[in-house]
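Next comes target-v3.cif, a file with mmCIF, C-alpha atoms.
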```cif
data_target
#
loop_
_atom_site.label_atom_id
_atom_site.label_comp_id
_atom_site.auth_asym_id
_atom_site.auth_seq_id
_atom_site.Cartn_x
_atom_site.Cartn_y
_atom_site.Cartn_z
CA MET A 1 146.05 315.08 56.72
CA ARG A 2 149.80 314.72 56.52
CA ARG A 3 151.05 312.51 53.71
CA VAL A 4 154.69 311.62 52.99
CA GLU A 5 155.24 309.70 49.75
CA ALA A 6 157.80 306.90 49.64
CA SER A 7 160.01 309.07 47.42
CA GLU A 8 159.70 312.16 49.62
CA ARG A 9 161.45 313.42 52.72
CA ALA A 10 159.60 315.06 55.56
CA GLU A 11 160.72 317.75 57.98
CA VAL A 12 160.50 316.51 61.56
CA THR A 13 161.16 318.50 64.72
CA VAL A 14 161.60 316.79 68.09
CA GLU A 15 162.68 318.25 71.43
CA ILE A 16 165.54 315.98 72.47
CA ASP A 17 167.06 316.48 75.92
CA GLY A 18 165.80 320.06 75.95
CA ARG A 19 167.08 321.00 72.46
CA ARG A 20 164.80 321.49 69.45
CA GLU A 21 166.22 319.34 66.68
CA THR A 22 164.97 319.36 63.09
CA ALA A 23 165.92 317.02 60.26
CA LEU A 24 164.66 315.78 56.91
CA VAL A 25 163.75 312.11 57.11
CA ASP A 26 162.21 309.32 55.05
CA ALA A 27 158.84 308.02 56.20
CA ARG A 28 160.62 304.80 57.20
CA THR A 29 163.29 306.50 59.33
CA ASN A 30 162.87 305.43 62.94
CA LEU A 31 163.21 307.67 65.97
CA ALA A 32 166.46 305.98 67.06
CA ASP A 33 168.20 306.86 63.80
CA PHE A 34 166.73 310.36 63.89
CA ALA A 35 168.09 310.88 67.42
CA ARG A 36 171.55 309.64 66.54
CA GLY A 37 171.55 311.74 63.38
CA VAL A 38 171.02 314.95 65.35
CA GLY A 39 173.75 314.09 67.85
CA ALA A 40 171.89 312.20 70.60
CA THR A 41 174.38 309.34 70.37
CA SER A 42 173.65 307.84 73.79
CA VAL A 43 170.78 306.15 71.92
CA ARG A 44 172.14 302.86 70.61
CA VAL A 45 170.75 300.81 67.76
CA GLY A 46 170.84 297.06 68.19
CA CYS A 47 168.26 294.66 66.82
CA GLU A 48 165.81 297.17 65.29
CA GLN A 49 162.97 294.73 66.05
CA SER A 50 162.09 295.32 69.69
CA VAL A 51 164.12 292.52 71.26
CA CYS A 52 167.26 294.12 72.68
CA GLY A 53 166.18 297.34 74.39
CA ARG A 54 169.30 299.31 73.35
CA CYS A 55 167.29 302.16 71.86
CA THR A 56 165.04 302.78 74.90
CA VAL A 57 164.19 306.46 75.34
CA MET A 58 161.49 308.44 77.12
CA LEU A 59 158.89 309.72 74.62
CA ASP A 60 156.48 312.23 76.19
CA ASP A 61 157.30 310.79 79.64
CA ALA A 62 156.90 307.06 78.84
CA SER A 63 159.69 304.68 77.89
CA VAL A 64 159.53 303.30 74.34
CA ARG A 65 161.63 301.34 71.90
CA SER A 66 162.73 304.17 69.61
CA CYS A 67 163.32 301.63 66.81
CA LEU A 68 159.54 301.01 66.82
CA VAL A 69 158.50 304.65 66.57
CA LEU A 70 158.78 306.38 63.21
CA ALA A 71 160.48 309.75 63.30
CA VAL A 72 157.46 311.29 61.53
CA GLN A 73 155.26 309.95 64.34
CA ALA A 74 157.41 311.74 66.91
CA ASP A 75 157.15 315.13 65.15
CA GLY A 76 156.35 317.72 67.81
CA SER A 77 157.09 315.35 70.69
CA ARG A 78 159.54 315.51 73.55
CA VAL A 79 162.24 312.88 73.98
CA GLU A 80 164.67 312.29 76.82
CA THR A 81 167.66 310.05 76.29
CA LEU A 82 170.09 308.85 78.93
CA ALA A 83 171.90 312.17 78.51
CA GLY A 84 168.85 314.15 79.58
CA ILE A 85 166.55 312.15 81.81
CA GLY A 86 167.77 313.25 85.23
CA GLY A 87 165.90 311.65 88.11
CA ARG A 88 168.04 309.19 90.04
CA ILE A 89 170.38 308.59 87.13
CA GLU A 90 173.49 309.77 89.01
CA GLU A 91 172.81 307.33 91.85
CA LEU A 92 172.36 304.56 89.31
CA ARG A 93 175.59 305.45 87.53
CA ALA A 94 177.54 305.36 90.80
CA ALA A 95 175.99 302.06 91.88
CA PHE A 96 176.63 300.48 88.46
CA ALA A 97 180.28 301.51 88.70
CA HIS A 98 180.59 300.28 92.28
CA HIS A 99 179.12 296.86 91.43
CA PHE A 100 180.96 296.48 88.09
CA ALA A 101 177.52 296.14 86.53
CA LEU A 102 178.69 296.79 82.95
CA GLN A 103 181.40 295.43 80.71
CA CYS A 104 181.28 296.61 77.08
CA GLY A 105 178.62 299.17 77.93
CA PHE A 106 176.66 298.99 74.69
CA CYS A 107 173.45 298.11 76.56
CA ALA A 108 174.07 300.72 79.27
CA SER A 109 171.94 303.58 78.00
CA GLY A 110 168.86 301.43 77.44
CA ILE A 111 169.21 299.72 80.78
CA LEU A 112 169.78 302.94 82.72
CA VAL A 113 166.74 304.63 81.09
CA THR A 114 164.64 301.54 81.88
CA ALA A 115 165.84 301.42 85.48
CA ALA A 116 165.37 305.16 86.01
CA GLU A 117 161.75 304.98 84.86
CA TRP A 118 161.13 301.93 87.05
CA LEU A 119 162.56 303.70 90.12
CA ALA A 120 160.41 306.77 89.47
CA GLY A 121 157.25 304.61 89.37
CA ASP A 122 157.21 303.73 93.07
CA PRO A 123 157.96 300.04 92.42
CA VAL A 124 157.70 296.95 94.58
CA VAL A 125 161.37 296.47 95.40
CA ASP A 126 162.53 292.88 95.32
CA GLU A 127 164.93 290.88 93.21
CA ALA A 128 162.21 289.19 91.15
CA GLU A 129 160.74 292.58 90.17
CA VAL A 130 164.18 293.94 89.26
CA ARG A 131 164.84 290.92 87.07
CA ARG A 132 161.42 291.23 85.44
CA MET A 133 162.13 294.90 84.70
CA LEU A 134 165.59 294.07 83.32
CA SER A 135 164.14 291.38 81.05
CA ALA A 136 163.20 294.19 78.66
CA ASN A 137 166.90 294.65 77.90
CA VAL A 138 169.52 292.24 76.66
CA CYS A 139 173.09 292.32 78.00
CA ARG A 140 175.44 289.83 76.34
CA CYS A 141 178.42 290.44 78.67
CA THR A 142 177.56 290.44 82.32
CA GLY A 143 174.83 287.97 83.26
CA TYR A 144 172.99 290.85 85.00
CA GLU A 145 174.17 290.03 88.56
CA GLY A 146 175.95 293.33 89.13
CA MET A 147 173.03 295.26 87.65
CA VAL A 148 170.56 293.55 89.94
CA ARG A 149 172.70 294.38 93.00
CA ALA A 150 173.22 297.97 91.86
CA ILE A 151 169.53 298.62 91.17
CA LEU A 152 168.41 296.97 94.41
CA GLU A 153 170.88 299.12 96.31
CA VAL A 154 169.58 302.35 94.77
CA ALA A 155 165.94 301.26 95.11
CA SER A 156 166.35 300.50 98.81
CA GLY A 157 167.92 303.90 99.36
CA GLY A 158 171.50 302.96 100.21
CA THR A 159 174.64 303.63 98.21
CA MET B 1 167.15 295.92 59.03
CA LYS B 2 165.09 298.81 57.72
CA PRO B 3 161.56 298.55 56.33
CA ALA B 4 161.06 298.77 52.57
CA PRO B 5 160.01 302.29 51.51
CA PHE B 6 156.36 303.17 52.07
CA ALA B 7 154.10 306.19 51.91
CA TYR B 8 152.96 307.52 55.28
CA VAL B 9 149.51 309.00 55.87
CA ALA B 10 148.33 310.46 59.16
CA PRO B 11 144.61 311.22 59.10
CA ARG B 12 143.17 313.42 61.85
CA GLU B 13 139.57 312.34 61.36
CA PHE B 14 138.04 308.88 61.45
CA ASP B 15 136.26 309.36 58.10
CA GLU B 16 139.63 310.07 56.49
CA VAL B 17 140.96 306.72 57.77
CA LEU B 18 138.06 304.92 56.09
CA GLU B 19 138.56 306.92 52.87
CA VAL B 20 142.25 306.09 52.68
CA LEU B 21 141.66 302.41 53.38
CA ALA B 22 138.94 302.25 50.71
CA GLU B 23 141.10 304.03 48.14
CA GLU B 24 144.35 302.20 48.71
CA ALA B 25 142.67 298.90 47.83
CA GLY B 26 144.57 296.43 49.96
CA ASP B 27 148.02 298.03 49.79
CA ALA B 28 147.62 299.85 53.12
CA SER B 29 148.26 298.75 56.70
CA VAL B 30 146.87 300.49 59.76
CA LEU B 31 149.58 301.68 62.15
CA ALA B 32 148.35 301.87 65.76
CA GLY B 33 150.98 300.95 68.37
CA GLY B 34 153.25 299.41 65.76
CA GLN B 35 154.85 296.99 68.20
CA SER B 36 154.06 293.95 66.03
CA LEU B 37 153.75 295.58 62.61
CA LEU B 38 157.00 297.55 62.55
CA PRO B 39 159.30 294.59 63.48
CA LEU B 40 157.71 292.54 60.67
CA MET B 41 158.25 295.43 58.28
CA ALA B 42 161.86 295.79 59.43
CA ALA B 43 162.35 292.09 58.68
CA ARG B 44 160.73 292.71 55.26
CA GLU B 45 158.14 290.07 56.00
CA LEU B 46 155.50 292.74 55.38
CA ARG B 47 155.81 295.47 52.76
CA PRO B 48 152.69 297.64 52.80
CA GLY B 49 152.76 300.41 50.21
CA VAL B 50 150.96 302.82 52.53
CA LEU B 51 151.05 303.07 56.31
CA VAL B 52 147.95 304.71 57.77
CA ASP B 53 148.93 306.13 61.15
CA VAL B 54 145.73 306.37 63.20
CA ASN B 55 147.36 307.70 66.38
CA GLY B 56 146.26 311.26 65.67
CA VAL B 57 142.61 310.38 65.03
CA ALA B 58 140.52 312.19 67.61
CA ASP B 59 137.05 310.88 66.76
CA PHE B 60 137.17 307.09 66.74
CA PRO B 61 133.66 305.79 67.43
CA GLY B 62 132.93 304.92 71.04
CA ALA B 63 131.04 301.99 72.49
CA GLY B 64 127.85 300.92 70.81
CA GLU B 65 127.85 303.06 67.68
CA SER B 66 127.46 299.99 65.49
CA GLY B 67 124.78 298.22 67.53
CA GLU B 68 123.68 297.11 70.97
CA TRP B 69 126.72 297.19 73.18
CA GLY B 70 125.39 295.87 76.46
CA ASP B 71 127.41 295.72 79.65
CA GLY B 72 131.09 295.23 80.15
CA CYS B 73 134.24 297.17 79.47
CA PHE B 74 134.74 298.92 76.13
CA VAL B 75 138.34 299.15 74.95
CA GLY B 76 138.77 301.68 72.16
CA ALA B 77 140.99 301.56 69.09
CA LEU B 78 143.74 303.67 70.64
CA ASP B 79 143.64 302.32 74.20
CA ARG B 80 147.23 301.37 75.03
CA GLN B 81 147.96 298.05 76.69
CA CYS B 82 149.38 299.90 79.70
CA ASP B 83 145.99 301.62 80.20
CA HIS B 84 144.39 298.30 81.19
CA GLU B 85 147.15 296.53 83.13
CA ARG B 86 145.25 296.99 86.39
CA SER B 87 141.72 297.01 85.00
CA ALA B 88 139.08 295.82 87.46
CA GLU B 89 136.45 296.02 84.70
CA ALA B 90 138.26 293.59 82.40
CA PRO B 91 140.13 291.29 84.80
CA LEU B 92 141.00 288.71 82.14
CA LEU B 93 142.59 291.44 80.04
CA ALA B 94 144.59 292.64 83.03
CA ALA B 95 145.71 289.07 83.77
CA ALA B 96 146.77 288.55 80.15
CA LEU B 97 148.64 291.85 79.95
CA ALA B 98 150.98 290.73 82.75
CA HIS B 99 152.48 288.42 80.10
CA VAL B 100 152.48 290.83 77.14
CA GLY B 101 155.80 292.35 76.06
CA HIS B 102 157.54 294.79 78.36
CA ALA B 103 156.63 298.16 79.87
CA GLN B 104 158.23 299.85 76.83
CA THR B 105 156.08 297.97 74.32
CA ARG B 106 152.89 298.19 76.44
CA HIS B 107 153.25 301.99 76.51
CA ARG B 108 152.61 302.04 72.75
CA GLY B 109 151.04 298.72 71.83
CA THR B 110 147.24 298.79 71.63
CA VAL B 111 144.75 296.12 72.73
CA CYS B 112 142.84 296.31 69.43
CA GLY B 113 146.06 296.23 67.42
CA SER B 114 146.97 292.91 68.98
CA LEU B 115 143.55 291.55 67.97
CA ALA B 116 143.94 292.82 64.40
CA HIS B 117 147.45 291.38 64.16
CA GLY B 118 146.05 287.89 64.79
CA ASP B 119 149.10 286.13 66.22
CA PRO B 120 147.80 282.67 67.23
CA MET B 121 150.11 282.68 70.29
CA ALA B 122 149.11 286.17 71.44
CA GLU B 123 147.65 286.69 74.88
CA ILE B 124 145.00 289.32 74.19
CA PRO B 125 142.98 287.35 71.58
CA LEU B 126 142.98 284.31 73.91
CA ALA B 127 141.79 286.38 76.84
CA LEU B 128 139.00 288.03 74.79
CA LEU B 129 137.94 284.61 73.51
CA VAL B 130 137.66 283.23 77.05
CA ALA B 131 135.79 286.36 78.10
CA GLY B 132 133.30 285.81 75.25
CA GLY B 133 133.96 289.26 73.86
CA LEU B 134 133.00 291.20 70.77
CA VAL B 135 135.05 293.10 68.21
CA GLU B 136 133.73 296.28 66.58
CA ILE B 137 134.81 296.93 62.99
CA ALA B 138 134.14 299.79 60.57
CA SER B 139 134.58 300.52 56.88
CA ARG B 140 133.35 303.38 54.67
CA GLY B 141 129.60 303.57 55.19
CA ALA B 142 129.35 300.45 57.36
CA ALA B 143 130.00 299.23 60.87
CA ARG B 144 129.61 295.78 62.34
CA GLN B 145 130.08 293.79 65.52
CA VAL B 146 131.41 290.28 65.48
CA ALA B 147 131.97 287.68 68.20
CA VAL B 148 135.69 287.23 68.71
CA ASP B 149 135.33 283.54 67.90
CA ASP B 150 134.18 284.53 64.39
CA PHE B 151 136.74 287.33 64.14
CA LEU B 152 139.77 285.08 64.63
CA GLY B 153 140.68 283.38 61.37
CA ASP B 154 143.82 281.51 60.45
CA ALA B 155 147.15 282.57 61.92
CA PHE B 156 147.81 286.28 61.30
CA ARG B 157 144.68 286.48 59.16
CA PRO B 158 141.77 287.70 61.26
CA ARG B 159 138.53 288.10 59.35
CA VAL B 160 138.75 291.79 58.53
CA SER B 161 138.76 293.14 54.99
CA ALA B 162 141.48 295.41 53.66
CA ASP B 163 139.13 298.40 53.80
CA GLU B 164 138.09 297.77 57.42
CA VAL B 165 139.56 298.92 60.71
CA VAL B 166 138.99 297.59 64.23
CA THR B 167 137.44 300.38 66.29
CA GLY B 168 137.02 298.67 69.65
CA CYS B 169 136.39 295.50 71.59
CA ARG B 170 134.02 294.63 74.41
CA TRP B 171 134.99 292.66 77.50
CA PRO B 172 131.75 291.36 79.06
CA ASP B 173 131.13 291.49 82.77
CA LEU B 174 131.52 287.82 83.72
CA GLY B 175 129.53 288.24 86.90
CA GLY B 176 130.20 288.81 90.56
CA GLY B 177 132.14 286.08 92.29
CA SER B 178 133.91 284.93 89.15
CA THR B 179 137.65 284.33 89.34
CA HIS B 180 140.22 284.70 86.56
CA SER B 181 143.65 283.39 85.69
CA PHE B 182 146.16 283.50 82.86
CA VAL B 183 149.24 281.25 82.76
CA GLU B 184 151.87 280.99 80.10
CA LEU B 185 155.24 279.47 79.26
CA GLN B 186 157.78 281.51 77.32
CA HIS B 187 161.18 280.45 76.08
CA GLY B 188 162.17 283.45 74.00
CA SER B 189 158.79 283.34 72.35
CA THR B 190 155.49 282.12 73.77
CA LEU B 191 155.12 278.33 73.57
CA GLY B 192 151.69 278.07 75.10
CA ALA B 193 149.13 279.88 77.24
CA ALA B 194 145.91 279.10 79.06
CA ALA B 195 143.23 281.43 80.38
CA CYS B 196 140.35 280.60 82.70
CA SER B 197 137.28 282.18 84.22
CA LEU B 198 135.35 280.25 86.85
CA LYS B 199 132.28 280.96 88.97
CA LEU B 200 129.63 279.07 90.89
CA SER B 201 126.42 278.55 88.91
CA GLN B 202 122.98 279.07 90.50
CA GLY B 203 122.71 275.31 91.07
CA GLY B 204 125.96 275.30 92.99
CA GLY B 205 128.05 273.73 90.21
CA TRP B 206 130.97 275.21 88.31
CA SER B 207 130.52 277.48 85.30
CA LEU B 208 133.88 277.10 83.61
CA ARG B 209 135.31 279.03 80.68
CA VAL B 210 138.77 277.80 79.71
CA GLY B 211 140.86 278.48 76.62
CA VAL B 212 144.31 277.62 75.33
CA ALA B 213 146.64 279.06 72.69
CA GLY B 214 149.76 277.66 71.12
CA PHE B 215 148.51 274.38 69.71
CA ALA B 216 146.93 275.45 66.43
CA ASP B 217 146.37 278.34 64.04
CA ARG B 218 144.17 280.07 66.57
CA PRO B 219 143.20 279.88 70.24
CA ARG B 220 140.15 277.84 71.26
CA VAL B 221 137.75 278.02 74.19
CA SER B 222 135.32 275.66 75.95
CA VAL B 223 132.38 276.84 78.03
CA VAL B 224 130.94 274.10 80.24
CA GLU B 225 129.02 273.38 83.44
CA LEU B 226 130.66 270.89 85.79
CA ASP B 227 130.14 269.49 89.28
CA ALA B 228 131.81 271.85 91.72
CA GLY B 229 135.36 270.84 92.51
CA ASP B 230 135.68 268.26 89.75
CA LEU B 231 139.22 269.14 88.66
CA ASP B 232 139.59 265.88 86.72
CA ALA B 233 136.57 266.66 84.54
CA ALA B 234 137.92 270.18 84.05
CA ALA B 235 141.28 268.77 82.93
CA ASP B 236 139.44 266.54 80.45
CA VAL B 237 137.76 269.62 78.98
CA VAL B 238 141.21 271.09 78.30
CA GLY B 239 142.44 267.79 76.87
CA ASP B 240 139.49 267.62 74.46
CA LEU B 241 140.18 271.19 73.37
CA ILE B 242 143.87 270.54 72.67
CA HIS B 243 143.21 267.34 70.75
CA SER B 244 140.27 268.69 68.72
CA GLY B 245 142.60 268.85 65.69
CA PRO B 246 146.19 268.20 64.64
CA LEU B 247 148.71 269.75 67.03
CA LEU B 248 151.08 272.43 65.83
CA GLU B 249 154.68 271.29 65.47
CA THR B 250 157.58 273.78 65.39
CA HIS B 251 161.36 273.65 65.65
CA ASP B 252 161.22 274.40 69.37
CA ALA B 253 158.27 272.22 70.38
CA GLN B 254 157.13 268.95 68.87
CA ALA B 255 153.43 268.09 68.90
CA SER B 256 153.54 265.65 71.82
CA TYR B 257 155.39 268.21 73.95
CA ARG B 258 152.87 270.94 73.08
CA GLY B 259 150.01 268.66 74.03
CA ALA B 260 151.54 267.85 77.42
CA LEU B 261 152.53 271.48 78.04
CA LEU B 262 149.11 272.90 77.23
CA GLY B 263 147.36 270.26 79.31
CA GLU B 264 149.48 271.28 82.27
CA LEU B 265 148.97 275.02 81.66
CA GLY B 266 145.21 274.43 81.47
CA ARG B 267 145.22 272.47 84.72
CA ARG B 268 147.19 275.22 86.46
CA ALA B 269 144.89 277.96 85.17
CA ILE B 270 141.83 276.09 86.42
CA ALA B 271 143.42 275.24 89.77
CA GLU B 272 144.35 278.89 90.27
CA CYS B 273 140.75 279.97 89.65
CA ALA B 274 139.38 277.20 91.89
CA GLY B 275 141.76 278.21 94.66
CA SER B 276 140.48 281.79 94.71
CA LEU B 277 136.80 280.89 94.33
CA ARG B 278 134.80 281.89 97.39
#
```

Write the structure described by the file as structure tokens, please.
Amino acid sequence: MRRVEASERAEVTVEIDGRRETALVDARTNLADFARGVGATSVRVGCEQSVCGRCTVMLDDASVRSCLVLAVQADGSRVETLAGIGGRIEELRAAFAHHFALQCGFCASGILVTAAEWLAGDPVVDEAEVRRMLSANVCRCTGYEGMVRAILEVASGGT
Amino acid sequence: MKPAPFAYVAPREFDEVLEVLAEEAGDASVLAGGQSLLPLMAARELRPGVLVDVNGVADFPGAGESGEWGDGCFVGALDRQCDHERSAEAPLLAAALAHVGHAQTRHRGTVCGSLAHGDPMAEIPLALLVAGGLVEIASRGAARQVAVDDFLGDAFRPRVSADEVVTGCRWPDLGGGSTHSFVELQHGSTLGAAACSLKLSQGGGWSLRVGVAGFADRPRVSVVELDAGDLDAAADVVGDLIHSGPLLETHDAQASYRGALLGELGRRAIAECAGSLR
């Protein structure tokens, strides 16, 4: 039974984007901070309480809020960030650029990871579904219109 | 913000979970999905001294180990919300989950964790209440089953002791031909929700189960027999439920608004069930 005291640090190893990364962390260190600390800086930290979606990553093939997973919980797991997820991410990037879907870009990595997982799940493709999917992520700049157009375009196969 | 420092324990065996909870004497919190607990810890609203991560426990008890389990769908301690989004066995749970969080939180959040968290606005406790379900609870040397109505206490304080852990919940089979609905209004957070299950009784009337959340410290349910098609009487059942005590008043919804909102949500939930009744 693993036990990490409040005053202790624990060694945690996670495969991030194909690299094995090890660091010493507090029990309270979340996976988002762990990822950034080992160089996976496409992971952004926003609200740290599950609202904003900035820190979305794939953990063992399912999207999660990495602010709500402790690094010690992810020991031995596999994580893909925007930098390593593959799939239709290049199509999404091109469509986002074409539709001016981003402004400051701080939400981009969370939104692109969310959209890539949604596309891979054989979704019902309509605007309402895209907006429902995007509701997991907050963008304070754009009003989402360009994102909706870009994602619909990729989902319906055209670019 | 970051949580206050805590010790982290990750038992591999169920008996170890019960040992740790017994020994830590009220200073420990169980970490399942963490999708409600960890945000509250980050906001420093909760500061458990010990976090007991049960995600690696391989031998949680299954259905019926603490008594007669009967029919229906058993949802275990580590069943994720996403596991039951399309459940045909627990249709009220599936209907409720359409309103719970986002894909990212449902991948980790557990059904039993939501029950143990005890948010009076939460969808899963309301749905289990309308389904007439049971909660299974264990502590060192003991296990018990409790009707969800008795399990739900005041807001965020379900009736579980500090040394107990929720090990499962049962969603009864509500019978062939029954229809189900779950409606909700969110503005940032959930303002109100209504859940309904309706079927034709043997005498040809309506067997109605309807519940609402968002008006008090806990959700409430009514189970009644009505003349078939009597939507007005059904709406009165909801009205009586809402006005059975003082209405909750918050910064974003005064009591009169909550009453009107929940009455409307109840009517819509019942109408949706009636519309799909064969």

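Near B:Arg44, within 10 Å and counting only C-alpha atoms, sit B:Met1, B:Lys2, B:Pro3, B:Ala4, B:Leu38, B:Pro39; same-chain residues fewer than 5 positions away were not included.
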
Per residue of chain A within 7 Å of chain B, which atom pair is closest and at what distance in Å (one decimal), using all atoms listed in the file, listed by chain and increasing number, as a tab-separated table?
```
residue	atom	partner	partner_atom	distance
A:Met1	CA	B:Pro11	CA	4.8
A:Arg2	CA	B:Ala10	CA	5.2
A:Arg3	CA	B:Val9	CA	4.4
A:Val4	CA	B:Tyr8	CA	5.0
A:Glu5	CA	B:Ala7	CA	4.3
A:Ala6	CA	B:Ala7	CA	4.4
A:Ala27	CA	B:Tyr8	CA	6.0
A:Arg28	CA	B:Pro5	CA	6.2
A:Glu48	CA	B:Met1	CA	6.5
A:Gln49	CA	B:Pro39	CA	4.5
A:Ser50	CA	B:Pro39	CA	6.8
A:Ala62	CA	B:His107	CA	6.7
A:Ser63	CA	B:Gln104	CA	5.2
A:Val64	CA	B:Gln104	CA	4.4
A:Arg65	CA	B:Gln104	CA	6.2
A:Leu68	CA	B:Leu38	CA	6.1
A:Ala136	CA	B:His102	CA	5.7
```

- request: List the residues selected by the PyMOL selection byres ((chain B and resi 207) around 8) in the file shown, writing them as a list in words.
  value: Leu198, Lys199, Leu200, Ser201, Gly205, Trp206, Leu208, Arg209, Val223, Val224, Glu225 and Leu226 of chain B

message: When you count all atoms listed in the file, which of these residues is closest to A:Ala71: A:Cys55, A:Cys139, A:Leu31, A:Ala128?
response: A:Leu31

- prompt: What do you get, as a ChimeraX atom specification, if you spell out every residue that the PyMOL selection byres ((chain A and resi 81-88) around 9) selects here?
  reply: /A:16-18,35,40-43,56-59,79-80,89-93,109-110,112-113,116-117,119-120,154

field: Computed interatomic separation between atom CA of A:Ala115 and atom CA of A:Ser77 (Å)
entry: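 Rounded to one decimal, the two atoms are 22.1 Å apart.
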
query: If you apply the PyMOL selection byres ((chain B and resi 231) around 8) to this file, what residues do you get, as a list in words?
result: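 Selected by the PyMOL selection byres ((chain B and resi 231) around 8) here: Gly229, Asp230, Asp232, Ala233, Ala234, Ala235, Arg267, Ile270 and Ala271 of chain B.
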
Could you put an axis-aligned box around every listed atom of stretch 60-77 of chain A, padded by 4 Å on each side, and send me its centre and edge lengths in Å to one decimal, as lines of an AutoDock Vina configuration file?
```
center_x = 159.3
center_y = 309.4
center_z = 70.6
size_x = 16.1
size_y = 24.7
size_z = 26.1
```

Selection near B:Phe14, 7 Å with all atoms listed in the file, sequence-local residues under 6 positions removed, as an MDAnalysis selection string: chainID B and resid 57 59:60

Residue subset to file, keeping C-alpha atoms, as a PDB file, in the coordinates of the input:
```pdb
ATOM      1  CA  VAL B  57     142.610 310.380  65.030  1.00  0.00           C
ATOM      2  CA  ASP B  59     137.050 310.880  66.760  1.00  0.00           C
ATOM      3  CA  PHE B  60     137.170 307.090  66.740  1.00  0.00           C
TER       4      PHE B  60
END
```

field: Which residue of B:Leu191, B:Val210, B:Leu174, B:Cys73 approaches B:Gln254 most closely, using only C-alpha atoms
entry: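 Of B:Leu191, B:Val210, B:Leu174, B:Cys73, the one nearest B:Gln254 is B:Leu191, counting only C-alpha atoms.
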
message: Between atom CA of B:Ala195 and atom CA of B:Val146, what is the distance in Å, rounded to a tenth?
response: 21.0 Å

task: Tell me, in Å to one decimal, how far atom CA of B:Val130 is from atom CA of B:Gly204.
output: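 Those two atoms sit 21.3 Å apart.
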
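The smallest atom-to-atom distance between A:Trp118 and any of A:Val130, A:Val38, A:Val12, A:Ala150, using all atoms listed in the file, is found for A:Val130.
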
- prompt: Residues at most 10 Å from B:Gly141, counting only C-alpha atoms, excluding those fewer than 6 positions away in the same chain, as a list in words?
  reply: Asp15, Leu18 and Glu19 of chain B

- request: May I ask which of the residues A:Leu152, A:Gly146, A:Asn30, A:Gly46 is the closest one to A:His98, counting all atoms listed in the file?
  value: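 Of A:Leu152, A:Gly146, A:Asn30, A:Gly46, the one nearest A:His98, counting all atoms listed in the file, is A:Gly146.
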
B:Leu129 environment, 12 Å, all atoms listed in the file, sequence neighbours closer than 3 positions dropped, as an MDAnalysis selection string: chainID B and resid 92:93 96 115 120 122:126 132:135 146:152 169:172 194:197 209:213 218:223

Would you export the selected residues with C-alpha atoms as a compact mmCIF listing (two decimals), in the coordinates of the input, please?
```
# COMPACT_ATOMS: atom_id res chain seq x y z
CA LEU B 92 141.00 288.71 82.14
CA LEU B 93 142.59 291.44 80.04
CA ALA B 96 146.77 288.55 80.15
CA LEU B 115 143.55 291.55 67.97
CA PRO B 120 147.80 282.67 67.23
CA ALA B 122 149.11 286.17 71.44
CA GLU B 123 147.65 286.69 74.88
CA ILE B 124 145.00 289.32 74.19
CA PRO B 125 142.98 287.35 71.58
CA LEU B 126 142.98 284.31 73.91
CA GLY B 132 133.30 285.81 75.25
CA GLY B 133 133.96 289.26 73.86
CA LEU B 134 133.00 291.20 70.77
CA VAL B 135 135.05 293.10 68.21
CA VAL B 146 131.41 290.28 65.48
CA ALA B 147 131.97 287.68 68.20
CA VAL B 148 135.69 287.23 68.71
CA ASP B 149 135.33 283.54 67.90
CA ASP B 150 134.18 284.53 64.39
CA PHE B 151 136.74 287.33 64.14
CA LEU B 152 139.77 285.08 64.63
CA CYS B 169 136.39 295.50 71.59
CA ARG B 170 134.02 294.63 74.41
CA TRP B 171 134.99 292.66 77.50
CA PRO B 172 131.75 291.36 79.06
CA ALA B 194 145.91 279.10 79.06
CA ALA B 195 143.23 281.43 80.38
CA CYS B 196 140.35 280.60 82.70
CA SER B 197 137.28 282.18 84.22
CA ARG B 209 135.31 279.03 80.68
CA VAL B 210 138.77 277.80 79.71
CA GLY B 211 140.86 278.48 76.62
CA VAL B 212 144.31 277.62 75.33
CA ALA B 213 146.64 279.06 72.69
CA ARG B 218 144.17 280.07 66.57
CA PRO B 219 143.20 279.88 70.24
CA ARG B 220 140.15 277.84 71.26
CA VAL B 221 137.75 278.02 74.19
CA SER B 222 135.32 275.66 75.95
CA VAL B 223 132.38 276.84 78.03
```

message: Using all atoms listed in the file, which protein or nucleic acid residues come within 7 Å of B:Ala25? Drop anything in the same chain fewer than 4 positions from it, and give the result as a ChimeraX atom specification.
response: /B:21,162-163

Include C-alpha atoms and write out the residues we just selected as a PDB file, keeping the file's coordinate frame.
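Okay, this is what ended up in result-v6.pdb:
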```pdb
ATOM      1  CA  LEU B  21     141.660 302.410  53.380  1.00  0.00           C
ATOM      2  CA  ALA B 162     141.480 295.410  53.660  1.00  0.00           C
ATOM      3  CA  ASP B 163     139.130 298.400  53.800  1.00  0.00           C
TER       4      ASP B 163
END
```

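Distance check against A:Val69 using all atoms listed in the file: of B:Leu31, B:Leu185, B:Ala95, B:Ala22, the minimum falls on B:Leu31.
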
- request: May I have the protein, DNA and RNA residues with an atom at most 6 Å from (167.6, 290.5, 73.0), counting all atoms listed in the file in the file's coordinates, returned as number ranges by chain?
  value: A: 51-52, 138
